[in-house]
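Chemist: Contents of entry_2.json (JSON, C-alpha atoms and all ligand atoms) are below:
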```
[["chain", "number", "residue", "atom", "x", "y", "z"],
["A", 1, "MET", "CA", -116.56, 160.97, 162.70],
["A", 2, "ASN", "CA", -118.67, 162.97, 165.06],
["A", 3, "SER", "CA", -121.47, 164.46, 162.94],
["A", 4, "ASP", "CA", -122.56, 166.83, 165.70],
["A", 5, "ILE", "CA", -119.14, 168.53, 165.68],
["A", 6, "LEU", "CA", -119.23, 168.86, 161.90],
["A", 7, "LYS", "CA", -122.76, 170.22, 161.84],
["A", 8, "ALA", "CA", -121.91, 172.76, 164.57],
["A", 9, "GLY", "CA", -118.91, 173.96, 162.53],
["A", 10, "ALA", "CA", -121.01, 174.27, 159.38],
["A", 11, "ALA", "CA", -123.78, 176.10, 161.27],
["A", 12, "HIS", "CA", -121.19, 178.59, 162.59],
["A", 13, "VAL", "CA", -120.10, 179.35, 159.01],
["A", 14, "ARG", "CA", -123.67, 179.66, 157.72],
["A", 15, "LYS", "CA", -124.40, 182.12, 160.51],
["A", 16, "GLY", "CA", -121.19, 184.07, 159.81],
["A", 17, "LEU", "CA", -121.90, 184.28, 156.08],
["A", 18, "PRO", "CA", -125.67, 184.68, 155.90],
["A", 19, "GLN", "CA", -125.49, 186.39, 152.49],
["A", 20, "ALA", "CA", -123.31, 183.69, 150.90],
["A", 21, "ARG", "CA", -124.69, 181.55, 148.05],
["A", 22, "PRO", "CA", -121.52, 179.75, 146.97],
["A", 23, "ARG", "CA", -121.62, 177.10, 144.24],
["A", 24, "TRP", "CA", -117.90, 176.36, 144.06],
["A", 25, "ALA", "CA", -115.24, 175.59, 146.64],
["A", 26, "ILE", "CA", -111.49, 175.08, 146.54],
["A", 27, "ILE", "CA", -109.15, 173.66, 149.14],
["A", 28, "LEU", "CA", -105.68, 175.16, 148.80],
["A", 29, "GLY", "CA", -103.03, 172.71, 149.99],
["A", 30, "SER", "CA", -99.28, 173.04, 150.55],
["A", 31, "GLY", "CA", -97.93, 175.95, 148.54],
["A", 32, "TRP", "CA", -101.26, 176.68, 146.80],
["A", 33, "GLY", "CA", -102.34, 179.36, 149.30],
["A", 34, "VAL", "CA", -101.32, 182.27, 147.06],
["A", 35, "VAL", "CA", -104.04, 181.29, 144.58],
["A", 36, "ALA", "CA", -106.53, 182.93, 146.98],
["A", 37, "GLU", "CA", -105.08, 186.32, 146.02],
["A", 38, "ALA", "CA", -106.47, 185.92, 142.52],
["A", 39, "PHE", "CA", -110.03, 186.32, 143.83],
["A", 40, "LYS", "CA", -111.98, 189.21, 145.30],
["A", 41, "ALA", "CA", -112.62, 188.40, 148.96],
["A", 42, "SER", "CA", -115.75, 189.64, 150.73],
["A", 43, "ALA", "CA", -115.42, 187.87, 154.10],
["A", 44, "THR", "CA", -112.88, 185.78, 156.01],
["A", 45, "ILE", "CA", -113.29, 183.38, 158.92],
["A", 46, "PRO", "CA", -110.17, 181.94, 160.63],
["A", 47, "TYR", "CA", -110.43, 178.13, 161.01],
["A", 48, "ALA", "CA", -109.60, 178.62, 164.72],
["A", 49, "GLU", "CA", -112.98, 180.36, 165.19],
["A", 50, "ILE", "CA", -114.94, 177.49, 163.63],
["A", 51, "PRO", "CA", -115.88, 174.92, 166.29],
["A", 52, "GLY", "CA", -114.29, 171.56, 165.52],
["A", 53, "TYR", "CA", -111.95, 172.91, 162.82],
["A", 54, "GLY", "CA", -108.99, 174.45, 164.68],
["A", 55, "GLU", "CA", -105.76, 176.04, 163.54],
["A", 56, "THR", "CA", -103.68, 174.50, 160.77],
["A", 57, "GLN", "CA", -100.52, 172.79, 162.03],
["A", 58, "VAL", "CA", -98.29, 172.88, 158.97],
["A", 59, "ALA", "CA", -96.08, 175.66, 157.54],
["A", 60, "GLY", "CA", -97.57, 177.01, 154.32],
["A", 61, "HIS", "CA", -101.21, 176.47, 155.39],
["A", 62, "ALA", "CA", -102.77, 179.81, 156.34],
["A", 63, "GLY", "CA", -105.91, 178.42, 157.99],
["A", 64, "ARG", "CA", -108.76, 180.65, 156.90],
["A", 65, "LEU", "CA", -112.00, 180.33, 155.04],
["A", 66, "ILE", "CA", -112.54, 183.08, 152.49],
["A", 67, "LEU", "CA", -115.79, 183.95, 150.79],
["A", 68, "ALA", "CA", -114.85, 185.29, 147.35],
["A", 69, "GLN", "CA", -116.52, 186.22, 144.08],
["A", 70, "HIS", "CA", -115.53, 185.19, 140.58],
["A", 71, "GLN", "CA", -117.51, 185.78, 137.40],
["A", 72, "GLY", "CA", -120.52, 186.71, 139.47],
["A", 73, "THR", "CA", -120.43, 183.47, 141.45],
["A", 74, "ASP", "CA", -119.72, 183.08, 145.16],
["A", 75, "LEU", "CA", -116.82, 180.77, 145.90],
["A", 76, "LEU", "CA", -115.53, 179.29, 149.17],
["A", 77, "ILE", "CA", -111.75, 179.24, 149.44],
["A", 78, "PHE", "CA", -110.26, 177.05, 152.16],
["A", 79, "GLN", "CA", -106.75, 178.46, 152.46],
["A", 80, "GLY", "CA", -104.85, 175.60, 154.09],
["A", 81, "ARG", "CA", -105.96, 172.18, 155.30],
["A", 82, "ARG", "CA", -105.92, 169.94, 158.32],
["A", 83, "HIS", "CA", -104.39, 166.48, 157.84],
["A", 84, "TRP", "CA", -105.14, 163.00, 159.20],
["A", 85, "TYR", "CA", -101.54, 162.67, 160.44],
["A", 86, "GLU", "CA", -102.05, 165.61, 162.81],
["A", 87, "GLY", "CA", -103.82, 163.12, 165.04],
["A", 88, "ALA", "CA", -106.82, 165.32, 165.82],
["A", 89, "GLY", "CA", -109.25, 162.80, 164.35],
["A", 90, "TRP", "CA", -111.34, 163.02, 161.19],
["A", 91, "GLU", "CA", -113.44, 166.05, 162.15],
["A", 92, "PRO", "CA", -110.92, 168.77, 161.19],
["A", 93, "VAL", "CA", -110.13, 166.89, 157.96],
["A", 94, "ALA", "CA", -113.80, 166.52, 157.08],
["A", 95, "MET", "CA", -114.83, 170.01, 158.19],
["A", 96, "PRO", "CA", -114.32, 171.83, 154.85],
["A", 97, "ILE", "CA", -116.39, 169.19, 153.09],
["A", 98, "ALA", "CA", -119.11, 169.34, 155.74],
["A", 99, "ILE", "CA", -119.18, 173.14, 155.34],
["A", 100, "ALA", "CA", -119.23, 172.85, 151.55],
["A", 101, "ARG", "CA", -122.04, 170.29, 151.69],
["A", 102, "SER", "CA", -123.99, 172.39, 154.13],
["A", 103, "LEU", "CA", -123.69, 175.56, 152.00],
["A", 104, "GLY", "CA", -124.80, 173.75, 148.85],
["A", 105, "ILE", "CA", -121.51, 173.57, 146.94],
["A", 106, "SER", "CA", -121.83, 171.69, 143.65],
["A", 107, "THR", "CA", -118.19, 171.64, 142.47],
["A", 108, "ILE", "CA", -115.07, 171.36, 144.62],
["A", 109, "VAL", "CA", -111.43, 171.65, 143.58],
["A", 110, "LEU", "CA", -108.87, 169.85, 145.76],
["A", 111, "THR", "CA", -105.21, 170.84, 145.50],
["A", 112, "ASN", "CA", -102.03, 169.45, 147.03],
["A", 113, "ALA", "CA", -98.28, 169.05, 146.76],
["A", 114, "ALA", "CA", -97.07, 165.59, 145.78],
["A", 115, "GLY", "CA", -93.97, 163.58, 145.05],
["A", 116, "GLY", "CA", -93.64, 162.35, 141.48],
["A", 117, "ILE", "CA", -93.36, 158.58, 141.11],
["A", 118, "ARG", "CA", -93.84, 158.22, 137.35],
["A", 119, "SER", "CA", -90.59, 159.02, 135.59],
["A", 120, "ASP", "CA", -91.99, 161.81, 133.41],
["A", 121, "LEU", "CA", -93.30, 163.79, 136.41],
["A", 122, "HIS", "CA", -90.83, 166.49, 137.42],
["A", 123, "PRO", "CA", -90.77, 169.16, 140.13],
["A", 124, "GLY", "CA", -92.85, 172.12, 138.97],
["A", 125, "ASP", "CA", -95.28, 170.00, 136.91],
["A", 126, "ILE", "CA", -98.99, 170.26, 137.57],
["A", 127, "MET", "CA", -100.89, 166.98, 137.48],
["A", 128, "VAL", "CA", -104.64, 166.61, 137.03],
["A", 129, "ILE", "CA", -105.76, 163.81, 139.35],
["A", 130, "ASP", "CA", -107.56, 161.21, 137.23],
["A", 131, "ASP", "CA", -108.14, 158.80, 140.12],
["A", 132, "HIS", "CA", -106.76, 157.94, 143.52],
["A", 133, "ILE", "CA", -105.56, 155.07, 145.68],
["A", 134, "ASN", "CA", -106.39, 155.23, 149.37],
["A", 135, "ALA", "CA", -103.32, 153.87, 151.17],
["A", 136, "LEU", "CA", -104.14, 155.67, 154.43],
["A", 137, "GLY", "CA", -105.35, 152.44, 155.96],
["A", 138, "ALA", "CA", -108.52, 154.25, 157.04],
["A", 139, "SER", "CA", -111.59, 156.00, 155.68],
["A", 140, "PRO", "CA", -113.40, 159.00, 157.14],
["A", 141, "LEU", "CA", -116.69, 157.20, 156.41],
["A", 142, "ILE", "CA", -115.97, 154.43, 158.93],
["A", 143, "GLY", "CA", -118.52, 154.65, 161.74],
["A", 144, "PRO", "CA", -122.27, 154.80, 162.06],
["A", 145, "HIS", "CA", -123.94, 155.70, 158.78],
["A", 146, "ASP", "CA", -125.05, 159.35, 158.50],
["A", 147, "PRO", "CA", -127.24, 160.09, 155.44],
["A", 148, "PHE", "CA", -125.62, 163.58, 155.40],
["A", 149, "TRP", "CA", -122.81, 161.78, 153.54],
["A", 150, "GLY", "CA", -125.04, 159.97, 151.08],
["A", 151, "PRO", "CA", -125.47, 156.20, 150.92],
["A", 152, "ARG", "CA", -123.75, 153.72, 153.23],
["A", 153, "PHE", "CA", -121.69, 152.33, 150.33],
["A", 154, "PRO", "CA", -120.97, 155.23, 147.97],
["A", 155, "ASP", "CA", -120.00, 154.51, 144.37],
["A", 156, "MET", "CA", -116.38, 155.54, 143.66],
["A", 157, "SER", "CA", -116.18, 154.80, 139.94],
["A", 158, "THR", "CA", -115.98, 158.46, 138.82],
["A", 159, "VAL", "CA", -114.79, 160.50, 141.78],
["A", 160, "TYR", "CA", -112.79, 162.97, 139.65],
["A", 161, "ARG", "CA", -115.36, 164.03, 137.06],
["A", 162, "ARG", "CA", -114.29, 163.73, 133.45],
["A", 163, "PRO", "CA", -116.02, 166.94, 132.26],
["A", 164, "LEU", "CA", -114.15, 168.91, 134.92],
["A", 165, "ARG", "CA", -110.84, 167.27, 134.03],
["A", 166, "GLN", "CA", -111.50, 168.18, 130.41],
["A", 167, "LEU", "CA", -112.16, 171.76, 131.49],
["A", 168, "LEU", "CA", -108.74, 171.80, 133.18],
["A", 169, "ASP", "CA", -107.20, 170.53, 129.95],
["A", 170, "ARG", "CA", -108.95, 173.30, 128.03],
["A", 171, "ALA", "CA", -107.69, 175.87, 130.53],
["A", 172, "ALA", "CA", -104.14, 174.48, 130.22],
["A", 173, "ARG", "CA", -104.31, 174.63, 126.40],
["A", 174, "GLN", "CA", -105.62, 178.17, 126.54],
["A", 175, "LEU", "CA", -102.68, 179.14, 128.78],
["A", 176, "ASP", "CA", -100.21, 177.14, 126.71],
["A", 177, "HIS", "CA", -99.05, 175.49, 129.93],
["A", 178, "PRO", "CA", -99.31, 171.70, 129.63],
["A", 179, "VAL", "CA", -100.62, 169.65, 132.55],
["A", 180, "ALA", "CA", -99.91, 165.99, 133.27],
["A", 181, "HIS", "CA", -102.53, 163.43, 134.28],
["A", 182, "GLY", "CA", -102.17, 160.61, 136.77],
["A", 183, "VAL", "CA", -103.23, 158.60, 139.77],
["A", 184, "TYR", "CA", -102.61, 160.13, 143.21],
["A", 185, "LEU", "CA", -101.91, 157.85, 146.15],
["A", 186, "ALA", "CA", -102.38, 159.08, 149.72],
["A", 187, "SER", "CA", -100.26, 157.56, 152.47],
["A", 188, "SER", "CA", -100.85, 158.68, 156.03],
["A", 189, "GLY", "CA", -97.51, 160.41, 156.60],
["A", 190, "PRO", "CA", -96.14, 162.34, 158.37],
["A", 191, "ALA", "CA", -92.93, 160.50, 157.47],
["A", 192, "TYR", "CA", -92.08, 160.55, 153.79],
["A", 193, "GLU", "CA", -92.06, 157.17, 152.12],
["A", 194, "THR", "CA", -89.17, 154.74, 151.88],
["A", 195, "PRO", "CA", -87.80, 153.86, 148.43],
["A", 196, "ALA", "CA", -89.27, 150.35, 148.84],
["A", 197, "GLU", "CA", -92.70, 151.84, 149.51],
["A", 198, "ILE", "CA", -92.42, 154.02, 146.43],
["A", 199, "ARG", "CA", -91.51, 150.98, 144.30],
["A", 200, "ALA", "CA", -94.53, 149.16, 145.76],
["A", 201, "PHE", "CA", -96.84, 152.14, 145.10],
["A", 202, "GLU", "CA", -95.57, 152.35, 141.52],
["A", 203, "ARG", "CA", -96.52, 148.70, 140.99],
["A", 204, "LEU", "CA", -99.95, 149.42, 142.45],
["A", 205, "GLY", "CA", -100.49, 152.04, 139.74],
["A", 206, "ALA", "CA", -99.67, 155.27, 141.55],
["A", 207, "ASP", "CA", -98.10, 158.15, 139.62],
["A", 208, "ALA", "CA", -97.76, 160.62, 142.50],
["A", 209, "VAL", "CA", -97.82, 160.40, 146.28],
["A", 210, "GLY", "CA", -98.96, 162.71, 149.05],
["A", 211, "MET", "CA", -100.57, 162.81, 152.50],
["A", 212, "SER", "CA", -103.94, 164.43, 151.86],
["A", 213, "THR", "CA", -106.86, 164.97, 149.47],
["A", 214, "VAL", "CA", -108.17, 161.38, 149.36],
["A", 215, "PRO", "CA", -110.34, 161.67, 152.52],
["A", 216, "GLU", "CA", -111.82, 164.94, 151.20],
["A", 217, "ALA", "CA", -112.48, 163.36, 147.80],
["A", 218, "ILE", "CA", -114.19, 160.35, 149.41],
["A", 219, "LEU", "CA", -116.49, 162.59, 151.44],
["A", 220, "ALA", "CA", -117.26, 165.14, 148.72],
["A", 221, "ASN", "CA", -118.05, 162.39, 146.24],
["A", 222, "ALA", "CA", -120.25, 160.58, 148.75],
["A", 223, "ALA", "CA", -122.11, 163.82, 149.44],
["A", 224, "GLY", "CA", -122.81, 164.24, 145.72],
["A", 225, "MET", "CA", -120.35, 166.99, 144.84],
["A", 226, "GLN", "CA", -118.46, 167.15, 141.56],
["A", 227, "VAL", "CA", -114.80, 166.70, 142.48],
["A", 228, "VAL", "CA", -111.66, 167.68, 140.60],
["A", 229, "GLY", "CA", -108.09, 167.55, 141.88],
["A", 230, "LEU", "CA", -104.68, 169.02, 141.10],
["A", 231, "SER", "CA", -101.23, 168.08, 142.39],
["A", 232, "CYS", "CA", -98.21, 170.31, 142.15],
["A", 233, "ILE", "CA", -95.30, 167.91, 141.79],
["A", 234, "THR", "CA", -92.68, 169.27, 144.17],
["A", 235, "ASN", "CA", -90.06, 166.54, 144.25],
["A", 236, "PHE", "CA", -89.11, 163.16, 142.87],
["A", 237, "ALA", "CA", -90.53, 160.55, 145.25],
["A", 238, "ALA", "CA", -88.15, 158.82, 147.68],
["A", 239, "GLY", "CA", -85.42, 156.77, 146.03],
["A", 240, "VAL", "CA", -85.94, 158.23, 142.56],
["A", 241, "MET", "CA", -83.01, 160.58, 143.27],
["A", 242, "ASP", "CA", -80.38, 160.40, 145.99],
["A", 243, "THR", "CA", -81.46, 163.60, 147.74],
["A", 244, "PRO", "CA", -83.37, 163.46, 151.05],
["A", 245, "LEU", "CA", -86.90, 164.93, 151.11],
["A", 246, "SER", "CA", -87.93, 167.94, 153.18],
["A", 247, "HIS", "CA", -91.02, 170.08, 153.64],
["A", 248, "SER", "CA", -89.02, 173.25, 152.90],
["A", 249, "GLU", "CA", -88.10, 171.81, 149.48],
["A", 250, "VAL", "CA", -91.80, 171.08, 148.88],
["A", 251, "ILE", "CA", -92.81, 174.66, 149.71],
["A", 252, "GLU", "CA", -89.92, 176.13, 147.69],
["A", 253, "GLU", "CA", -90.94, 174.21, 144.60],
["A", 254, "THR", "CA", -94.59, 175.26, 144.84],
["A", 255, "GLN", "CA", -93.38, 178.86, 145.06],
["A", 256, "ARG", "CA", -91.77, 178.49, 141.66],
["A", 257, "ALA", "CA", -94.99, 177.09, 140.19],
["A", 258, "GLN", "CA", -97.26, 179.77, 141.64],
["A", 259, "ALA", "CA", -97.95, 181.81, 138.50],
["A", 260, "PRO", "CA", -99.19, 178.79, 136.46],
["A", 261, "MET", "CA", -101.14, 177.41, 139.46],
["A", 262, "ARG", "CA", -102.95, 180.69, 139.84],
["A", 263, "ARG", "CA", -103.67, 181.13, 136.12],
["A", 264, "LEU", "CA", -104.86, 177.54, 135.75],
["A", 265, "ILE", "CA", -107.34, 177.88, 138.61],
["A", 266, "THR", "CA", -108.76, 181.24, 137.50],
["A", 267, "THR", "CA", -109.08, 180.09, 133.88],
["A", 268, "PHE", "CA", -110.74, 176.87, 135.04],
["A", 269, "PHE", "CA", -113.33, 178.89, 136.97],
["A", 270, "ASP", "CA", -113.79, 181.21, 133.95],
["A", 271, "LEU", "CA", -114.59, 178.17, 131.81],
["A", 272, "LEU", "CA", -116.78, 176.66, 134.51],
["A", 273, "ALA", "CA", -118.80, 179.89, 134.66],
["A", 274, "GLU", "CA", -119.18, 179.83, 130.86],
["A", 275, "SER", "CA", -120.20, 176.21, 130.65],
["A", 276, "ALA", "CA", -123.54, 174.91, 131.76],
["A", 277, "GLU", "CA", -122.09, 173.37, 134.90],
["A", 278, "PRO", "CA", -121.04, 169.79, 134.19],
["B", 1, "LIG", "N1", -94.42, 162.16, 149.65],
["B", 1, "LIG", "C1", -95.51, 162.45, 150.39],
["B", 1, "LIG", "N2", -96.07, 163.64, 150.43],
["B", 1, "LIG", "C2", -95.51, 164.61, 149.69],
["B", 1, "LIG", "C3", -94.38, 164.39, 148.90],
["B", 1, "LIG", "C4", -93.81, 163.09, 148.87],
["B", 1, "LIG", "O1", -92.80, 162.81, 148.20],
["B", 1, "LIG", "N3", -94.08, 165.56, 148.28],
["B", 1, "LIG", "C5", -95.01, 166.46, 148.69],
["B", 1, "LIG", "N4", -95.89, 165.90, 149.54]]
```
If you convert what's in this file into structure tokens, what do you get?
Modeler:
Amino acid sequence: MNSDILKAGAAHVRKGLPQARPRWAIILGSGWGVVAEAFKASATIPYAEIPGYGETQVAGHAGRLILAQHQGTDLLIFQGRRHWYEGAGWEPVAMPIAIARSLGISTIVLTNAAGGIRSDLHPGDIMVIDDHINALGASPLIGPHDPFWGPRFPDMSTVYRRPLRQLLDRAARQLDHPVAHGVYLASSGPAYETPAEIRAFERLGADAVGMSTVPEAILANAAGMQVVGLSCITNFAAGVMDTPLSHSEVIEETQRAQAPMRRLITTFFDLLAESAEP
């Protein structure tokens, strides 16, 4: 990763939002973009204007950074994400985390769409990410050590913080909308997996599979942020059913789950505001 590019991007945002004092951030992945509408926005910066970030490449990813307020707290909303499989290097993938780190974010919520591997995970379910498996074959931390990202060898034993996961459970109970829990595995994509790969991932301990989130979680955790993650299960993973997978099916399924996604996130932030931050 080129730290100079990341620091220039973060400096651009700091300059564009001089009044911002955000403590929380959220990255809205495939189909989650509508959640941004639940918050009061006070400023917007298109990713394309942020040096080193660039426009999103995938349908369903708006590509803007929104400064919003909730319960008296400033919040950064990244509406859409850049992916490793886009081939533009790690900088666009790492940019939201570099910006979050640079603006002093303490808690970050990562969201995505994922295929369900475990048999009880069905399209429309929301899964709290308890842990992850990095099957990308790469890490954004490879390269010269930059103390901006914490120690050379960051601990990964509690990336997805238990108190935050418990807060999501409380929010789900309050809404009477159950959430699942599981391990998310990231493969590089952009091809969906083969049935043999899914069987292998299941044996490795994966409950759901996607193409994102893990690099962001690695970086945010290394930089000392509290991380929590949510997957919207949009399909049965390859080979579980006979039907072929498609991105339009993924987006369609997240559209059905939008009301609970939105309520879960706003209630989570309500509870986070109430709690002494975990
Ligand atoms: N595999 C990988 N990524 C995905 C899937 C899947 O089945 N569904 C949504 N994103």
Chemist: Would you mind telling me which residue in A:Asp169, A:Thr158, A:Ala186, A:Leu175 lies nearest to A:Gly137 when using all atoms listed in the file?
Modeler: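 Distance minimum relative to A:Gly137 lands on A:Ala186.
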Chemist: Go through A:Leu110, A:Glu55, A:Leu141, A:Lys7 one by one, measure the shortest atom-to-atom distance of each to A:Trp24 using all atoms listed in the file, and give the residue with the smallest value.
Modeler: A:Leu110
Chemist: Just checking: using only C-alpha atoms and all ligand atoms, which residue out of A:Ile117, A:Ala222, A:Ala206, A:Ile126 ends up closest to ligand LIG 1 (chain B)?
Modeler: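 Once distances to ligand LIG 1 (chain B) are computed over only C-alpha atoms and all ligand atoms, the minimum belongs to A:Ile117.
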Chemist: Would you kindly return, as a PyMOL selection string, each protein, DNA or RNA residue with an atom no farther than 8 Å from any atom of A:Ile99, considering all atoms listed in the file and excluding same-chain residues fewer than 6 positions away?
Modeler: chain A and resi 6-7+9-10+13
Chemist: List every protein, DNA or RNA residue that has an atom no more than 10 Å from (-98.6, 167.1, 147.1) in the file's coordinate frame, counting all atoms listed in the file, and report them as a count of residues only.
Modeler: 29
Chemist: Which residue out of A:Arg82, A:Ala94, A:Pro215, A:Pro195 has the minimum interatomic distance to A:Gly60 when all atoms listed in the file are used?
Modeler: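 Among the listed residues, A:Arg82 lies closest to A:Gly60.
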Chemist: Build an axis-aligned box that encloses every atom of stretch 196-206 of chain A listed in the file, pad it by 5 Å on each side, and report its centre and edge lengths in Å to one decimal, as JSON.
Modeler:
```
{"center_x": -94.9, "center_y": 152.0, "center_z": 144.6, "size_x": 21.2, "size_y": 16.6, "size_z": 19.8}
```
Chemist: How many Å lie between atom CA of A:Gly189 and atom CA of A:Ala98, rounded to one decimal?
Modeler: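 According to the coordinates, atom CA of A:Gly189 and atom CA of A:Ala98 are separated by 23.4 Å.
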Chemist: When distances are computed from only C-alpha atoms and all ligand atoms, which of A:Gly124, A:Pro163, A:Pro151, A:Pro140 shows the smallest separation from ligand LIG 1 (chain B)?
Modeler: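 Among the listed residues, A:Gly124 lies closest to ligand LIG 1 (chain B).
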Chemist: Would you list the contacts of A:Ala100 as a ChimeraX atom specification, taking every protein, DNA or RNA residue within 9 Å and counting all atoms listed in the file, but skipping same-chain residues closer than 6 positions in sequence?
Modeler: /A:10,22-25,76,106,108,220,225
Chemist: Of the candidates A:Pro123, A:Pro51, A:Gly63, A:Pro144, which one gets nearest to ligand LIG 1 (chain B) if we count all atoms listed in the file?
Modeler: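 Between A:Pro123, A:Pro51, A:Gly63, A:Pro144, the residue approaching ligand LIG 1 (chain B) most closely is A:Pro123.
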Chemist: Could you list, as an MDAnalysis selection string, every residue within 10 Å of A:Gln166, counting all atoms listed in the file and ignoring same-chain residues fewer than 6 positions away?
Modeler: chainID A and resid 128 172 268
Chemist: Keeping C-alpha atoms for every residue in the selection just given, could you write it to a file as a PDB file, in the coordinates of the input?
Modeler:
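Generated output (result34.pdb):
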```
ATOM      1  CA  VAL A 128    -104.640 166.610 137.030  1.00  0.00           C
ATOM      2  CA  ALA A 172    -104.140 174.480 130.220  1.00  0.00           C
ATOM      3  CA  PHE A 268    -110.740 176.870 135.040  1.00  0.00           C
TER       4      PHE A 268
END
```
Chemist: What is the distance, in Å and to one decimal place, between atom CA of A:Ser42 and atom CA of A:Phe269?
Modeler: 17.6 Å
Chemist: Between atom CA of A:Gly104 and atom CA of A:Asp131, what is the distance, to one decimal in Å?
Modeler: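 It comes out at 24.0 Å.
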Chemist: Give me the residues within 9 Å of A:Ala20 as a short mmCIF file (atom, residue, chain, number, x, y, z; two decimals) with C-alpha atoms, in the frame of the given file, counting all atoms listed in the file and dropping any in the same chain fewer than 2 places off.
Modeler:
```cif
data_model
loop_
_atom_site.label_atom_id
_atom_site.label_comp_id
_atom_site.auth_asym_id
_atom_site.auth_seq_id
_atom_site.Cartn_x
_atom_site.Cartn_y
_atom_site.Cartn_z
CA ARG A 14 -123.67 179.66 157.72
CA LEU A 17 -121.90 184.28 156.08
CA PRO A 18 -125.67 184.68 155.90
CA PRO A 22 -121.52 179.75 146.97
CA LEU A 67 -115.79 183.95 150.79
CA ASP A 74 -119.72 183.08 145.16
CA LEU A 75 -116.82 180.77 145.90
CA LEU A 103 -123.69 175.56 152.00
#
```
Chemist: Got a sec: who's within 12 Å of stretch 35-38 of chain A, counting all atoms listed in the file, leaving out chain neighbours fewer than 6 positions off, as a PyMOL selection string?
Modeler: chain A and resi 25-29+44+61-70+75-80+111+254-255+257-267+269
Chemist: May I have the residues at most 12 Å from (-116.9, 155.2, 145.8) in the file's coordinates, counting all atoms listed in the file, as a list in words?
Modeler: Asp131, His132, Ile133, Asn134, Ser139, Leu141, Trp149, Gly150, Pro151, Arg152, Phe153, Pro154, Asp155, Met156, Ser157, Thr158, Val159, Tyr160, Val214, Pro215, Ala217, Ile218, Leu219, Ala220, Asn221, Ala222, Ala223 and Gly224 of chain A
